[in-house]
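Worksheet: one structure, shown below.
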Amino acid sequence: GAVVSQHPSWVICKSGTSVKIECRSLDFQATTMFWYRQFPKQSLMLMATSNEGSKATYEQGVEKDKFLINHASLTLSTLTVTSAHPEDSSFYICSASKRGLAYNTDTQYFGPGTRLTVL
Amino acid sequence: GENVEQHPSTLSVQEGDSAVIKCTYSDSASNYFPWYKQELGKRPQLIIDIRSNVGEKKDQRIAVTLNKTAKHFSLHITETQPEDSAVYFCAARLFNQGGKLIFGQGTELSVKP
């Protein structure tokens with residue numbers, strides 16, 4: 001199997017506070033983890049790519065100081081939304097890459113997502 | 001960078017009919033093309049994928065075709081059922097880009113009983 005969990009599944013916070021979201025690969029070690037944001041009725045927008053033990057690579061337009069990513073182990077990555085504002089309200093989804101048998105045959109499996117609402 | 005275009009944005013079919021969703025990509029270095037199904041409020045689920053060394057792949061009622069020359073790939077669902085109703089996303093992955101996927105805009109499929 002390839003199970004990815006995410007915690008919490010939803011969170012409501014006040015404007016100006018920080019929120020941490022955890023992403024775990026439960027039954028495999030992830031070569032890479034990814035963080036996406038999805039607005040209602042829109043596609044998945046990649047925010048950053050995360051590798052264990054190294055700094056995350058952020059996509060253009062994503063503020064690295066606002067969306068802090070820590071990749072502590074091969075099974076855990078965290079996303080912290082700092083000083084959250086209402087415009088940060090969204091569905092945040094992580095994914096984890098499971099290594100395939102052959103070179104460059106990794107498959108991405110998604111977590112269940114975290115619904116963030118900033119009041 | 002890579003750009004993936006997906007059409008149509010919405011698709012309504014009668015139960016039992018076939019559904020086809022098409023995607024085009026811009027970078028010829030892309031070598032892996034997965035399709036994900038996402039039900040409302042849930043995670044995207046991988047339903048089928050194809051690699052650039054293959055032209056077609058089938059799994060029961062679902063098939064994917066790839067035309068590398070034209071840089072497009074399609075999802076085919078036969079004998080559609082109401083439980084196939086969901087949003088479907090295509091994606092493309094560049095070779096040696098750390099596994100990064102670029103997603104299409106999504107197709108909302110509605111299967112009417």
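To be explicit about the labels: the chains of the structure tokens are called A, B, and onward in the order shown, and within each one the residues are counted from 1, while ligands get numbers from 1 in the order they are shown.
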Members of chain A assigned strand (DSSP E or B) by DSSP, as a PyMOL selection string: chain A and resi 4-7+10-13+19-25+30-38+45-50+57-58+67-73+76-81+90-98+107-110+114-118
Taking C-alpha atoms for each residue, export the selection above as a PDB file, in the first residue's frame.
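Heads up, here's the output in again25.pdb:
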```
ATOM      1  CA  VAL A   4      -0.430   9.271   3.358  1.00  0.00           C
ATOM      2  CA  SER A   5      -2.017  10.933   6.363  1.00  0.00           C
ATOM      3  CA  GLN A   6      -2.461  14.579   7.142  1.00  0.00           C
ATOM      4  CA  HIS A   7      -3.275  16.295  10.407  1.00  0.00           C
ATOM      5  CA  TRP A  10      -9.567  20.985   9.383  1.00  0.00           C
ATOM      6  CA  VAL A  11      -8.596  24.004  11.445  1.00  0.00           C
ATOM      7  CA  ILE A  12     -10.118  27.376  12.178  1.00  0.00           C
ATOM      8  CA  CYS A  13      -7.839  30.095  13.479  1.00  0.00           C
ATOM      9  CA  VAL A  19      -1.015  26.975  11.984  1.00  0.00           C
ATOM     10  CA  LYS A  20       1.042  23.806  11.570  1.00  0.00           C
ATOM     11  CA  ILE A  21      -0.043  20.982   9.270  1.00  0.00           C
ATOM     12  CA  GLU A  22       1.602  17.563   9.370  1.00  0.00           C
ATOM     13  CA  CYS A  23       1.996  15.141   6.479  1.00  0.00           C
ATOM     14  CA  ARG A  24       3.090  11.566   7.071  1.00  0.00           C
ATOM     15  CA  SER A  25       3.729   8.600   4.802  1.00  0.00           C
ATOM     16  CA  ALA A  30       8.948   9.105   0.836  1.00  0.00           C
ATOM     17  CA  THR A  31      11.686  10.203  -1.515  1.00  0.00           C
ATOM     18  CA  THR A  32      10.089  13.607  -1.745  1.00  0.00           C
ATOM     19  CA  MET A  33       7.031  15.337  -0.336  1.00  0.00           C
ATOM     20  CA  PHE A  34       5.030  18.093  -1.989  1.00  0.00           C
ATOM     21  CA  TRP A  35       2.665  20.739  -0.692  1.00  0.00           C
ATOM     22  CA  TYR A  36      -0.286  21.977  -2.739  1.00  0.00           C
ATOM     23  CA  ARG A  37      -3.025  24.511  -2.235  1.00  0.00           C
ATOM     24  CA  GLN A  38      -6.433  24.121  -3.799  1.00  0.00           C
ATOM     25  CA  MET A  45      -1.316  24.492  -7.283  1.00  0.00           C
ATOM     26  CA  LEU A  46       2.113  23.294  -6.218  1.00  0.00           C
ATOM     27  CA  MET A  47       3.540  25.415  -3.436  1.00  0.00           C
ATOM     28  CA  ALA A  48       6.813  23.676  -2.665  1.00  0.00           C
ATOM     29  CA  THR A  49       8.870  20.531  -2.964  1.00  0.00           C
ATOM     30  CA  SER A  50      10.349  19.107   0.203  1.00  0.00           C
ATOM     31  CA  THR A  57      12.136  24.451  -3.029  1.00  0.00           C
ATOM     32  CA  TYR A  58       9.317  26.954  -3.388  1.00  0.00           C
ATOM     33  CA  PHE A  67       4.814  29.058   4.431  1.00  0.00           C
ATOM     34  CA  LEU A  68       7.522  27.353   6.452  1.00  0.00           C
ATOM     35  CA  ILE A  69       8.287  23.777   5.519  1.00  0.00           C
ATOM     36  CA  ASN A  70      10.238  21.359   7.662  1.00  0.00           C
ATOM     37  CA  HIS A  71      11.057  17.865   6.497  1.00  0.00           C
ATOM     38  CA  ALA A  72      12.258  16.105   9.617  1.00  0.00           C
ATOM     39  CA  SER A  73      12.384  12.536   8.355  1.00  0.00           C
ATOM     40  CA  LEU A  76       7.186  13.431   7.998  1.00  0.00           C
ATOM     41  CA  SER A  77       6.929  16.908   6.520  1.00  0.00           C
ATOM     42  CA  THR A  78       5.245  19.909   8.134  1.00  0.00           C
ATOM     43  CA  LEU A  79       3.841  23.105   6.678  1.00  0.00           C
ATOM     44  CA  THR A  80       3.428  26.096   8.989  1.00  0.00           C
ATOM     45  CA  VAL A  81       1.305  28.972   7.790  1.00  0.00           C
ATOM     46  CA  SER A  90      -7.824  27.154   1.463  1.00  0.00           C
ATOM     47  CA  PHE A  91      -7.542  23.391   1.166  1.00  0.00           C
ATOM     48  CA  TYR A  92      -3.907  22.363   1.715  1.00  0.00           C
ATOM     49  CA  ILE A  93      -2.916  18.946   0.417  1.00  0.00           C
ATOM     50  CA  CYS A  94       0.376  17.162   0.719  1.00  0.00           C
ATOM     51  CA  SER A  95       1.649  14.308  -1.374  1.00  0.00           C
ATOM     52  CA  ALA A  96       4.489  11.852  -0.933  1.00  0.00           C
ATOM     53  CA  SER A  97       6.511  10.154  -3.624  1.00  0.00           C
ATOM     54  CA  LYS A  98       6.986   6.418  -3.318  1.00  0.00           C
ATOM     55  CA  THR A 107       4.416   7.595  -7.876  1.00  0.00           C
ATOM     56  CA  GLN A 108       2.788  10.413  -5.906  1.00  0.00           C
ATOM     57  CA  TYR A 109       0.168   9.618  -3.298  1.00  0.00           C
ATOM     58  CA  PHE A 110      -1.913  12.331  -1.728  1.00  0.00           C
ATOM     59  CA  THR A 114      -6.453  20.116   5.560  1.00  0.00           C
ATOM     60  CA  ARG A 115      -9.204  22.697   5.344  1.00  0.00           C
ATOM     61  CA  LEU A 116      -7.862  25.963   6.785  1.00  0.00           C
ATOM     62  CA  THR A 117     -10.248  28.769   7.641  1.00  0.00           C
ATOM     63  CA  VAL A 118      -8.788  32.016   8.900  1.00  0.00           C
TER      64      VAL A 118
END
```
Who sits within 9 Å of Val54 in chain B, only C-alpha atoms, same chain under 4 positions skipped, as a PyMOL selection string: chain B and resi 50+65-66
Residues just named, written with C-alpha atoms as a CSV table (one decimal), in the first residue's frame:
```
chain,number,residue,atom,x,y,z
B,50,ILE,CA,1.2,6.1,-18.4
B,65,THR,CA,-3.6,7.0,-24.6
B,66,LEU,CA,-0.5,9.0,-25.2
```
Restrict the calculation to only C-alpha atoms, then for each residue of chain A with any atom at most 7 Å from an atom of chain B give the closest atom pair and their distance in Å to one decimal, rows by chain and rising residue number, as a Markdown table.
```
| residue | atom | partner | partner_atom | distance |
| --- | --- | --- | --- | --- |
| A:Gln42 | CA | B:Gln105 | CA | 6.7 |
| A:Ser43 | CA | B:Gln105 | CA | 5.1 |
| A:Leu44 | CA | B:Phe103 | CA | 6.6 |
| A:Phe110 | CA | B:Arg43 | CA | 6.2 |
| A:Gly111 | CA | B:Arg43 | CA | 6.2 |
| A:Pro112 | CA | B:Arg43 | CA | 4.6 |
| A:Gly113 | CA | B:Arg43 | CA | 6.2 |
```
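Reported to one decimal place, the separation of CA of Val4 in chain B from CA of Ser18 in chain B is 23.1 Å.
By chain and then residue number, the residues within 10 Å of range 79-85 of chain B are Leu11, Ser12, Val13, Gln14, Glu15, Gly16, Asp17, Ser18, Ala19, Lys37, Gln38, Glu39, Leu40, Arg61, Ile62, His76, Ile77, Val87, Tyr88, Glu108, Leu109, Ser110, Val111, Lys112 and Pro113 of chain B, counting only C-alpha atoms and disregarding those fewer than 2 positions away in sequence.
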Could you tell me how far CA of Ser74 in chain B lies from CA of Lys22 in chain B, in Å and to one decimal? 4.4 Å
